[in-house]
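Colleague: Let me begin by handing over the structure; questions about it come next.
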Amino acid sequence: MEFARRTRVQKRAAEQSLEPWWRIGSAFVAGALLEVSTHPKPGLVTARSNGAHRDMSLRTFLVSTAAITPCFYQCAEAGWNHVGDPTALLPLVREIGRDYEAALLRATGGVNTQRGLLFSAGILSAAAGLLSRRNTDLTADALFQKAAAMTRGLCDRELSRDRAPATAGERLFVRYGARGIRGEVEDGFPTLSRAALPALAEARAVNAPIERALIHVLISLIAETEDTTVLWRGGPRALEWLRAEARAVLDAGGALTSQGLEAIHRLDAACIDRGISPGGSADLLAVTVGVQTLVDGALTAFGVAGSAVSARSSRAPSYTRTP
Ligand SMILES: CC(C)(COP(=O)(O)OP(=O)(O)OC[C@H]1O[C@@H](n2cnc3c(N)ncnc32)[C@H](O[C@H]2O[C@H](COP(=O)(O)OP(=O)(O)OP(=O)(O)O)[C@@H](O)[C@H]2O)[C@@H]1O)[C@@H](O)C(=O)NCCC(=O)NCCS
Ligand SMILES: Nc1ncnc2[nH]cnc12
């Protein structure tokens, strides 16, 4: 029975002429590329701005994405081949990830562009591989629950006040109790379930153009995320200021209204003035695109320039939204 089921799954994968892990990894690579190219994004690097950064540009992210791309494929394949408890998959995936974190830093000359994405998308790629092998539908909830199962106990193991912190994230845990990307993953991506995916659904419902939809998702993430990159650079006051500003933009309709978009441009300028850059929220935008691509089962929904973001809408975007 098991052999017949696995053959059926592998036959289906073969019919799609791609090993499942290629499709899984590509979903998150697309997320990384679409994220960095989207403009405007408050304080962040885009295709037209370096945001609040002197050490990063679009090209920095393009080469770091190229450097980490194989990681997602390898993590997905590790998940596909994993047998046993999901927690036993995490050490395998982290070993892969650490190699690619070094590759990322070599590619960027030491600039930390996407460590958070490497961690979160690597784990989700492995979770997707594991679920695909078991012929389980790739829903957002299934992916998030599997990622949480893989990382159970991670924060208790790695974030402690009993030893000298080694990284920014560990320092911020000691100082403020912030759990950063580790907390987001171990809790099963609550910020995506609560904010990002509903914002994407809202944009799809009005057939918003892709770039507007991605900006709208990012603002919704900034309003919710305990972003340790903002905490690191500006402390709790900066994080609370930014989240309040993002909520005000959403009250004006977010990226789905002209007033909201004007407010986003103003917030971008204010973040640049203050040296604030919500890199963790940007990572979660990339992860949201990857997850939605796996749920849709196709890259098309995000790849047709100018069209609406929905995978299902065939008509031209009749895009109007009153605040
Ligand atoms: C597990 C680690 C990745 C944890 O690293 P660390 O101990 O540093 O913990 P955090 O700070 O909590 O997280 C690291 C990065 O995660 C992003 N992030 C932060 N908060 C959140 C959040 N709430 N939700 C999601 N993601 C979050 C963030 O990454 C982005 O920002 C970085 C750019 O920031 P920036 O300030 O511009 O640049 P810096 O150089 O950092 O500061 P400046 O000097 O310029 O001021 C960039 O990384 C974005 O990705 C956090 O930085 C790690 O320890 C680890 O184990 N890595 C190994 C790889 C691995 O395990 N992979 C497994 C799967 S492959
Ligand atoms: N577009 C971006 N700009 C700055 N930091 C980031 N971290 C992830 N994406 C980023």
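Starting from 1 in every chain, residues are counted up; chains themselves are A, B, ... following the order of the structure tokens, and ligands are numbered from 1 as listed.
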Near A:Leu172, within 8 Å and counting only C-alpha atoms, which residues show up once chain neighbours fewer than 6 positions away are dropped, as a list in words?
Modeller: Ala178, Arg179, Thr228, Leu231 and Trp232 of chain A
Colleague: Take the residues from that selection and put them in a file with N, CA and C atoms, as a short mmCIF file (atom, residue, chain, number, x, y, z; two decimals), in the first residue's frame.
Modeller:
data_model
loop_
_atom_site.label_atom_id
_atom_site.label_comp_id
_atom_site.auth_asym_id
_atom_site.auth_seq_id
_atom_site.Cartn_x
_atom_site.Cartn_y
_atom_site.Cartn_z
N ALA A 178 12.29 39.82 23.07
CA ALA A 178 11.83 39.62 21.68
C ALA A 178 12.36 38.30 21.14
N ARG A 179 11.50 37.51 20.50
CA ARG A 179 11.93 36.19 20.00
C ARG A 179 12.22 36.21 18.49
N THR A 228 12.76 42.44 14.73
CA THR A 228 13.97 42.71 15.53
C THR A 228 14.98 43.57 14.78
N LEU A 231 13.89 46.86 16.00
CA LEU A 231 14.23 46.93 17.44
C LEU A 231 15.73 47.15 17.61
N TRP A 232 16.53 46.47 16.78
CA TRP A 232 18.00 46.54 16.88
C TRP A 232 18.50 47.94 16.56
#
Colleague: Dump the neighbourhood of ligand 1 as a PyMOL selection string: all residues within 8 Å, distances computed on only C-alpha atoms and all ligand atoms.
Modeller: chain A and resi 53+55+71-72+75+90+93-101+111-123+166-172+178-185+225-230+232-233+277-284
Colleague: Next, dump the selected residues to file, keeping only C-alpha atoms, as a CSV table (one decimal), in the first residue's frame.
Modeller:
chain,number,residue,atom,x,y,z
A,53,HIS,CA,20.7,51.4,3.6
A,55,ASP,CA,25.4,48.9,2.3
A,71,CYS,CA,19.3,26.0,-0.1
A,72,PHE,CA,15.6,26.0,-0.6
A,75,CYS,CA,15.8,21.8,2.2
A,90,LEU,CA,15.5,20.6,11.8
A,93,VAL,CA,18.0,21.8,7.6
A,94,ARG,CA,20.0,24.0,9.8
A,95,GLU,CA,23.2,22.4,8.7
A,96,ILE,CA,22.2,23.1,5.1
A,97,GLY,CA,21.2,26.7,6.1
A,98,ARG,CA,24.4,27.5,7.9
A,99,ASP,CA,26.4,26.6,4.7
A,100,TYR,CA,24.2,29.0,2.7
A,101,GLU,CA,24.3,31.7,5.3
A,111,VAL,CA,26.3,42.3,4.3
A,112,ASN,CA,23.4,40.6,6.1
A,113,THR,CA,20.6,40.8,3.5
A,114,GLN,CA,18.4,37.7,3.9
A,115,ARG,CA,19.4,35.6,7.0
A,116,GLY,CA,15.9,35.7,8.2
A,117,LEU,CA,14.5,34.6,4.9
A,118,LEU,CA,17.1,31.8,4.7
A,119,PHE,CA,15.9,30.5,8.0
A,120,SER,CA,12.1,30.8,7.6
A,121,ALA,CA,11.9,29.8,3.9
A,122,GLY,CA,14.4,27.0,4.4
A,123,ILE,CA,12.2,25.5,7.1
A,166,ALA,CA,26.0,35.8,20.5
A,167,THR,CA,23.8,37.5,17.9
A,168,ALA,CA,21.5,40.5,17.5
A,169,GLY,CA,18.5,38.3,18.0
A,170,GLU,CA,19.8,36.8,21.2
A,171,ARG,CA,20.8,40.2,22.6
A,172,LEU,CA,17.3,41.5,21.9
A,178,ALA,CA,11.8,39.6,21.7
A,179,ARG,CA,11.9,36.2,20.0
A,180,GLY,CA,12.3,37.4,16.4
A,181,ILE,CA,12.2,35.0,13.6
A,182,ARG,CA,12.6,32.0,15.9
A,183,GLY,CA,9.4,32.9,17.7
A,184,GLU,CA,7.5,33.5,14.4
A,185,VAL,CA,8.5,30.1,13.1
A,225,THR,CA,5.5,42.1,13.2
A,226,GLU,CA,7.8,42.2,16.2
A,227,ASP,CA,10.6,43.1,13.8
A,228,THR,CA,14.0,42.7,15.5
A,229,THR,CA,15.8,44.6,12.8
A,230,VAL,CA,13.8,47.7,13.7
A,232,TRP,CA,18.0,46.5,16.9
A,233,ARG,CA,18.4,49.9,15.1
A,277,SER,CA,14.3,49.4,7.8
A,278,PRO,CA,11.8,46.6,8.7
A,279,GLY,CA,13.8,43.8,7.1
A,280,GLY,CA,12.0,41.1,9.1
A,281,SER,CA,8.7,42.2,7.7
A,282,ALA,CA,10.2,42.2,4.2
A,283,ASP,CA,11.3,38.6,4.7
A,284,LEU,CA,7.8,37.7,5.7
Colleague: In Å, how far is it from atom CA of A:Ile210 to atom CA of A:Arg274?
Modeller: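 Those two atoms sit 28.6 Å apart.
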Colleague: May I ask which of the residues A:Ala246, A:Leu92, A:Ala76, A:Leu285 is the closest one to ligand 2, counting only C-alpha atoms and all ligand atoms?
Modeller: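 Closest residue, counting only C-alpha atoms and all ligand atoms: A:Leu285.
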Colleague: Could you pull the residues within 8 Å of stretch 19-32 of chain A, counting only C-alpha atoms, minus those fewer than 3 positions along the same chain, as a ChimeraX atom specification?
Modeller: /A:13-14,16,35-36,65,69-70,72-74,76-77,80,121,125,128-129,132,283,285-291,293-294,299
Colleague: Hey, which of A:Cys271, A:Ala195, A:Leu130, A:Ala298 ends up closest to ligand 2? Count only C-alpha atoms and all ligand atoms.
Modeller: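 Using only C-alpha atoms and all ligand atoms, ligand 2 sits closest to A:Cys271.
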Colleague: Considering only C-alpha atoms and all ligand atoms, can you say which of A:Leu44, A:Leu131, A:Ala149, A:Ala67 comes closest to ligand 2?
Modeller: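 Closest to ligand 2 of all the choices is A:Leu44.
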Colleague: For ligand 2, which residue out of A:Asn50, A:Thr151, A:Asn135, A:Ser258 is the nearest one, using only C-alpha atoms and all ligand atoms?
Modeller: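 Nearest to ligand 2: A:Asn50.
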Colleague: Given only C-alpha atoms and all ligand atoms as the basis, pick out the residue of A:Gly51, A:Leu18, A:Ala255, A:Ser160 nearest to ligand 2.
Modeller: A:Gly51
Colleague: If I take atom CA of A:Glu202 and atom CA of A:Ile276, how far is one from the other in Å, to one decimal?
Modeller: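 Going from atom CA of A:Glu202 over to atom CA of A:Ile276, I get 27.2 Å.
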